Amino acid sequence: AARLPAGQLVSANFQFMHIFRKCASVRRDLTMMKWSLTPSCMSTSTSLNGTAVLNGQSATPDFDHNDYNSHLRQLEQGSKVQLQDLRERSWDSKLSKEFIMRLHNGIYANELRGSRSWRGAVLMKDCISLANYQRLLQRLRPGTIFDLGTAGGGSALWLADQCRALRLPTRVVSLDIEDMRAPEVKQLHQEEGIEFVTCDVTQASDKLKDLLLPKPWLISDDCHVDSGKIMEQFEKLGMDQGDYVLFEDTHLATADECGMNADKPKEYTCDHFAIGKQDHVKAAMLERADDYKIDTDIQDCYGYNAARYVNSVFVRVTKRA
């Protein structure tokens with residue numbers, strides 16, 4: 001038998017496969033149509049008070065009596081952001097020492113297990129902090145985020161990724177007195193447009209003054225230097241009405257050393273680290289209490305001061321002089 005030239009053979013094979021796939025697709029569509037028209041599969045899917053209805057019967061389990069529609073309508077009404085004067089608040093927290101210790105398990109688990117927790121970068125933030133940041137980012141839609149205390153670079157990368165997910169053109173600027181990022185994290189920062197600045201944050205205004213820094217600002221302080229000096233630098237740089245600052249690690253049960261957690265209770269101490277930082281925040285922000293208020297929607301989202309930071313989520317309410 002005569003053989004087709006190689007080029008014609010390839011073309012014939014291609015045409016055969018195309019027809020075969022087309023027939024398979026038609027067979028599948030006919031089968032689905034036949035199945036959907038059978039009496040046992042015909043259904044009307046509606047919603048009654050948030051309850052799915054299938055074939056005239058509720059598809060919701062007997063134990064679920066929630067009125068989801070009414071609850072959703074109530075949530076969709078929204079509410080105004082509740083601001084409170086720092087001078088009116090106590091420094092108590094709904095979170096116990098034992099709960100904070102457990103949060104430390106989650107924070108340091110990535111180190112103890114020899115892995116990194118966000119795209120290959122060490123991210124030392126607990127689940128409540130991450131959820132609160134997400135809530136704030138959606139509402140504030142910051143133009144610039146200042147990540148104070150880069151360390152392994154996970155926080156800056158995570159913050160940048162959350163902004164991209166929200167389709168925000170936010171600029172993330174990360175500052176630290178030394179560069180401790182792994183080479184692959186440096187590459188990720190560069191690819192994501194994260195600006196790393198090596199500097200002492202108590203001199204940040206001089207280092208940042210020539211950068212384009214769109215508003216509003218979110219200052220995320222995890223560098224543990226004098227809070228008053230941080231505020232002086234960013235006020236000098238142009239902190240204004242609507243800008244936020246969040247001071248981390250001010251709950252008095254926060255561990256004194258990295259790696260401490262609930263699995264080693266005898267080694268866990270909390271007698272100086274957070275105490276010192278909370279004292280700095282108190283001094284700095286009580287002095288500025290007329291200009292900055294606590295955003296209780298974020299600070300108290302899980303209960304009164306229910307985070308690893310206490311009275312530490314501030315928004316500026318006055319315009320610059």
# chains A, B, ... in the order shown; residues from 1 in each chain; ligands from 1

call {"tool": "residues_around", "arguments": {"residues": "Ser312 of chain A", "least_positions_apart": "4", "cutoff": "10 Å", "atoms": "only C-alpha atoms", "output": "PDB file with C-alpha atoms, in the first residue's frame"}}
result
ATOM      1  CA  LEU A  86      -6.669  56.635  74.851  1.00  0.00           C
ATOM      2  CA  ASP A 221       5.967  49.127  64.063  1.00  0.00           C
ATOM      3  CA  VAL A 245       0.197  53.605  63.204  1.00  0.00           C
ATOM      4  CA  LEU A 246       0.074  50.158  64.807  1.00  0.00           C
ATOM      5  CA  PHE A 247       2.535  49.264  67.567  1.00  0.00           C
ATOM      6  CA  GLU A 248       3.031  45.515  67.905  1.00  0.00           C
ATOM      7  CA  ASP A 249       3.999  43.429  70.972  1.00  0.00           C
ATOM      8  CA  THR A 250       2.533  45.593  73.732  1.00  0.00           C
ATOM      9  CA  HIS A 251       0.493  42.881  75.489  1.00  0.00           C
ATOM     10  CA  GLN A 278       4.088  49.418  76.420  1.00  0.00           C
ATOM     11  CA  VAL A 281       3.696  53.668  73.674  1.00  0.00           C
ATOM     12  CA  LYS A 282       1.857  55.079  76.703  1.00  0.00           C
ATOM     13  CA  MET A 285       0.582  58.532  72.622  1.00  0.00           C
ATOM     14  CA  LYS A 293      -7.473  58.033  68.680  1.00  0.00           C
ATOM     15  CA  ILE A 294      -7.769  54.278  69.102  1.00  0.00           C
ATOM     16  CA  ASP A 295      -9.567  52.512  66.255  1.00  0.00           C
ATOM     17  CA  THR A 296     -11.627  50.082  68.323  1.00  0.00           C
ATOM     18  CA  ILE A 298      -9.459  46.882  64.795  1.00  0.00           C
ATOM     19  CA  GLN A 299      -8.099  46.954  68.337  1.00  0.00           C
ATOM     20  CA  ASN A 305      -7.665  44.653  73.592  1.00  0.00           C
ATOM     21  CA  ALA A 307      -4.567  40.994  70.465  1.00  0.00           C
ATOM     22  CA  ARG A 308      -0.846  40.775  71.181  1.00  0.00           C
TER      23      ARG A 308
END

call {"tool": "select_by_dssp", "arguments": {"residues": "segment 273-310 of chain A", "states": "helix (DSSP H, G or I)", "output": "PDB file with N, CA, C and O atoms, in the first residue's frame"}}
result
ATOM      1  N   PHE A 273      10.319  42.683  78.232  1.00  0.00           N
ATOM      2  CA  PHE A 273      10.256  43.099  76.827  1.00  0.00           C
ATOM      3  C   PHE A 273       9.018  43.952  76.533  1.00  0.00           C
ATOM      4  O   PHE A 273       9.119  45.125  76.156  1.00  0.00           O
ATOM      5  N   ALA A 274       7.823  43.371  76.709  1.00  0.00           N
ATOM      6  CA  ALA A 274       6.588  44.090  76.392  1.00  0.00           C
ATOM      7  C   ALA A 274       6.311  45.211  77.381  1.00  0.00           C
ATOM      8  O   ALA A 274       5.690  46.219  77.027  1.00  0.00           O
ATOM      9  N   ILE A 275       6.776  45.032  78.607  1.00  0.00           N
ATOM     10  CA  ILE A 275       6.582  46.093  79.615  1.00  0.00           C
ATOM     11  C   ILE A 275       7.260  47.373  79.153  1.00  0.00           C
ATOM     12  O   ILE A 275       6.680  48.472  79.203  1.00  0.00           O
ATOM     13  N   GLY A 276       8.493  47.227  78.678  1.00  0.00           N
ATOM     14  CA  GLY A 276       9.231  48.398  78.204  1.00  0.00           C
ATOM     15  C   GLY A 276       8.572  49.046  77.000  1.00  0.00           C
ATOM     16  O   GLY A 276       8.444  50.274  76.929  1.00  0.00           O
ATOM     17  N   LYS A 277       8.119  48.220  76.060  1.00  0.00           N
ATOM     18  CA  LYS A 277       7.503  48.796  74.860  1.00  0.00           C
ATOM     19  C   LYS A 277       6.165  49.446  75.191  1.00  0.00           C
ATOM     20  O   LYS A 277       5.847  50.525  74.665  1.00  0.00           O
ATOM     21  N   GLN A 278       5.365  48.818  76.050  1.00  0.00           N
ATOM     22  CA  GLN A 278       4.088  49.418  76.420  1.00  0.00           C
ATOM     23  C   GLN A 278       4.301  50.765  77.105  1.00  0.00           C
ATOM     24  O   GLN A 278       3.554  51.726  76.852  1.00  0.00           O
ATOM     25  N   ASP A 279       5.298  50.859  77.947  1.00  0.00           N
ATOM     26  CA  ASP A 279       5.604  52.136  78.608  1.00  0.00           C
ATOM     27  C   ASP A 279       5.935  53.215  77.580  1.00  0.00           C
ATOM     28  O   ASP A 279       5.502  54.375  77.717  1.00  0.00           O
ATOM     29  N   HIS A 280       6.696  52.850  76.541  1.00  0.00           N
ATOM     30  CA  HIS A 280       7.042  53.817  75.495  1.00  0.00           C
ATOM     31  C   HIS A 280       5.801  54.280  74.741  1.00  0.00           C
ATOM     32  O   HIS A 280       5.648  55.472  74.446  1.00  0.00           O
ATOM     33  N   VAL A 281       4.923  53.323  74.400  1.00  0.00           N
ATOM     34  CA  VAL A 281       3.696  53.668  73.674  1.00  0.00           C
ATOM     35  C   VAL A 281       2.809  54.575  74.525  1.00  0.00           C
ATOM     36  O   VAL A 281       2.259  55.572  74.035  1.00  0.00           O
ATOM     37  N   LYS A 282       2.661  54.245  75.803  1.00  0.00           N
ATOM     38  CA  LYS A 282       1.857  55.079  76.703  1.00  0.00           C
ATOM     39  C   LYS A 282       2.373  56.513  76.710  1.00  0.00           C
ATOM     40  O   LYS A 282       1.602  57.468  76.536  1.00  0.00           O
ATOM     41  N   ALA A 283       3.660  56.658  76.939  1.00  0.00           N
ATOM     42  CA  ALA A 283       4.242  57.996  77.039  1.00  0.00           C
ATOM     43  C   ALA A 283       4.066  58.782  75.743  1.00  0.00           C
ATOM     44  O   ALA A 283       3.663  59.955  75.753  1.00  0.00           O
ATOM     45  N   ALA A 284       4.349  58.122  74.603  1.00  0.00           N
ATOM     46  CA  ALA A 284       4.294  58.814  73.318  1.00  0.00           C
ATOM     47  C   ALA A 284       2.876  59.197  72.931  1.00  0.00           C
ATOM     48  O   ALA A 284       2.623  60.319  72.463  1.00  0.00           O
ATOM     49  N   MET A 285       1.924  58.302  73.139  1.00  0.00           N
ATOM     50  CA  MET A 285       0.582  58.532  72.622  1.00  0.00           C
ATOM     51  C   MET A 285      -0.323  59.292  73.590  1.00  0.00           C
ATOM     52  O   MET A 285      -1.255  59.971  73.158  1.00  0.00           O
ATOM     53  N   LEU A 286      -0.067  59.208  74.893  1.00  0.00           N
ATOM     54  CA  LEU A 286      -0.802  60.063  75.832  1.00  0.00           C
ATOM     55  C   LEU A 286      -0.433  61.522  75.601  1.00  0.00           C
ATOM     56  O   LEU A 286      -1.282  62.414  75.721  1.00  0.00           O
ATOM     57  N   THR A 296     -11.167  51.249  67.578  1.00  0.00           N
ATOM     58  CA  THR A 296     -11.627  50.082  68.323  1.00  0.00           C
ATOM     59  C   THR A 296     -12.159  48.983  67.402  1.00  0.00           C
ATOM     60  O   THR A 296     -12.244  47.824  67.810  1.00  0.00           O
ATOM     61  N   ASP A 297     -12.513  49.330  66.168  1.00  0.00           N
ATOM     62  CA  ASP A 297     -12.965  48.320  65.216  1.00  0.00           C
ATOM     63  C   ASP A 297     -11.856  47.299  64.948  1.00  0.00           C
ATOM     64  O   ASP A 297     -12.124  46.117  64.730  1.00  0.00           O
ATOM     65  N   ILE A 298     -10.614  47.768  64.992  1.00  0.00           N
ATOM     66  CA  ILE A 298      -9.459  46.882  64.795  1.00  0.00           C
ATOM     67  C   ILE A 298      -8.936  46.391  66.139  1.00  0.00           C
ATOM     68  O   ILE A 298      -8.776  45.187  66.354  1.00  0.00           O
ATOM     69  N   GLN A 299      -8.691  47.313  67.047  1.00  0.00           N
ATOM     70  CA  GLN A 299      -8.099  46.954  68.337  1.00  0.00           C
ATOM     71  C   GLN A 299      -8.957  45.952  69.112  1.00  0.00           C
ATOM     72  O   GLN A 299      -8.431  45.026  69.740  1.00  0.00           O
TER      73      GLN A 299
END

call {"tool": "atom_distance", "arguments": {"atom1": "atom CA of Thr170 of chain A", "atom2": "atom CA of Pro214 of chain A"}}
result
8.0 Å

call {"tool": "residues_around", "arguments": {"residues": "Ser155 of chain A", "least_positions_apart": "6", "cutoff": "12 Å", "atoms": "only C-alpha atoms", "output": "JSON, numbers by chain"}}
result
{"A": [107, 116, 117, 118, 119, 120, 121, 122, 123, 124, 125, 126, 129, 130, 133, 145, 146, 147, 148, 149, 161, 162, 172, 173, 174, 175, 181, 185, 189, 194, 220, 221, 222, 223]}

call {"tool": "residues_around", "arguments": {"residues": "Leu213 of chain A", "least_positions_apart": "4", "cutoff": "9 Å", "atoms": "only C-alpha atoms", "output": "number ranges by chain"}}
result
A: 143-145, 171, 208-209, 217

call {"tool": "residues_around", "arguments": {"residues": "Pro142 of chain A", "least_positions_apart": "3", "cutoff": "10 Å", "atoms": "only C-alpha atoms", "output": "MDAnalysis selection string"}}
result
chainID A and resid 136:139 145 163 168:172 214:219 242:244

call {"tool": "select_by_dssp", "arguments": {"residues": "segment 229-265 of chain A", "states": "strand (DSSP E or B)", "output": "list in words"}}
result
Tyr244, Val245, Leu246 and Phe247 of chain A

call {"tool": "residues_around", "arguments": {"residues": "Asn261 of chain A", "least_positions_apart": "5", "cutoff": "6 Å", "atoms": "only C-alpha atoms", "output": "PDB file with N, CA and C atoms, in the first residue's frame"}}
result
ATOM      1  N   MET A 101       0.622  32.776  75.061  1.00  0.00           N
ATOM      2  CA  MET A 101       1.657  31.751  74.922  1.00  0.00           C
ATOM      3  C   MET A 101       1.340  30.825  73.754  1.00  0.00           C
ATOM      4  N   HIS A 104       2.153  32.297  70.496  1.00  0.00           N
ATOM      5  CA  HIS A 104       3.583  32.206  70.208  1.00  0.00           C
ATOM      6  C   HIS A 104       3.948  30.868  69.571  1.00  0.00           C
ATOM      7  N   ASN A 105       3.196  29.822  69.880  1.00  0.00           N
ATOM      8  CA  ASN A 105       3.435  28.553  69.204  1.00  0.00           C
ATOM      9  C   ASN A 105       3.277  28.714  67.695  1.00  0.00           C
TER      10      ASN A 105
END

call {"tool": "atom_distance", "arguments": {"atom1": "atom CA of Lys229 of chain A", "atom2": "atom CA of Lys319 of chain A"}}
result
20.0 Å

call {"tool": "closest_residue", "arguments": {"among": "A:Val313, A:Leu252, A:Phe234, A:Gln74", "to": "Asp300 of chain A", "atoms": "only C-alpha atoms"}}
result
A:Val313

call {"tool": "residues_around", "arguments": {"residues": "Leu237 of chain A", "least_positions_apart": "2", "cutoff": "9 Å", "atoms": "only C-alpha atoms", "output": "list of chain:residue names"}}
result
A:Ala204, A:Ser205, A:Asp206, A:Leu208, A:Lys209, A:Glu232, A:Gln233, A:Phe234, A:Glu235, A:Met239

call {"tool": "decode", "arguments": {"residues": "segment 64-77 of chain A", "atoms": "N, CA and C atoms", "output": "compact mmCIF listing (two decimals), in the first residue's frame"}}
result
# COMPACT_ATOMS: atom_id res chain seq x y z
N ASP A 64 -29.28 22.91 61.72
CA ASP A 64 -28.91 24.28 61.33
C ASP A 64 -30.18 25.12 61.24
N HIS A 65 -30.40 26.00 62.22
CA HIS A 65 -31.59 26.85 62.25
C HIS A 65 -31.23 28.33 62.06
N ASN A 66 -30.02 28.60 61.53
CA ASN A 66 -29.58 29.98 61.38
C ASN A 66 -30.36 30.70 60.27
N ASP A 67 -30.70 31.94 60.53
CA ASP A 67 -31.35 32.79 59.54
C ASP A 67 -30.26 33.60 58.84
N TYR A 68 -29.60 32.97 57.85
CA TYR A 68 -28.43 33.58 57.23
C TYR A 68 -28.78 34.86 56.46
N ASN A 69 -29.91 34.86 55.75
CA ASN A 69 -30.27 36.04 54.96
C ASN A 69 -30.42 37.28 55.84
N SER A 70 -31.13 37.14 56.93
CA SER A 70 -31.34 38.29 57.83
C SER A 70 -30.02 38.76 58.41
N HIS A 71 -29.15 37.80 58.75
CA HIS A 71 -27.85 38.16 59.33
C HIS A 71 -26.99 38.88 58.30
N LEU A 72 -27.01 38.40 57.05
CA LEU A 72 -26.23 39.05 56.00
C LEU A 72 -26.73 40.46 55.74
N ARG A 73 -28.06 40.64 55.69
CA ARG A 73 -28.61 41.98 55.46
C ARG A 73 -28.17 42.94 56.58
N GLN A 74 -28.14 42.41 57.80
CA GLN A 74 -27.73 43.23 58.94
C GLN A 74 -26.26 43.62 58.83
N LEU A 75 -25.42 42.66 58.43
CA LEU A 75 -23.99 42.95 58.28
C LEU A 75 -23.74 43.92 57.14
N GLU A 76 -24.52 43.82 56.07
CA GLU A 76 -24.31 44.68 54.92
C GLU A 76 -24.64 46.14 55.20
N GLN A 77 -25.41 46.40 56.24
CA GLN A 77 -25.72 47.78 56.60
C GLN A 77 -24.48 48.53 57.05
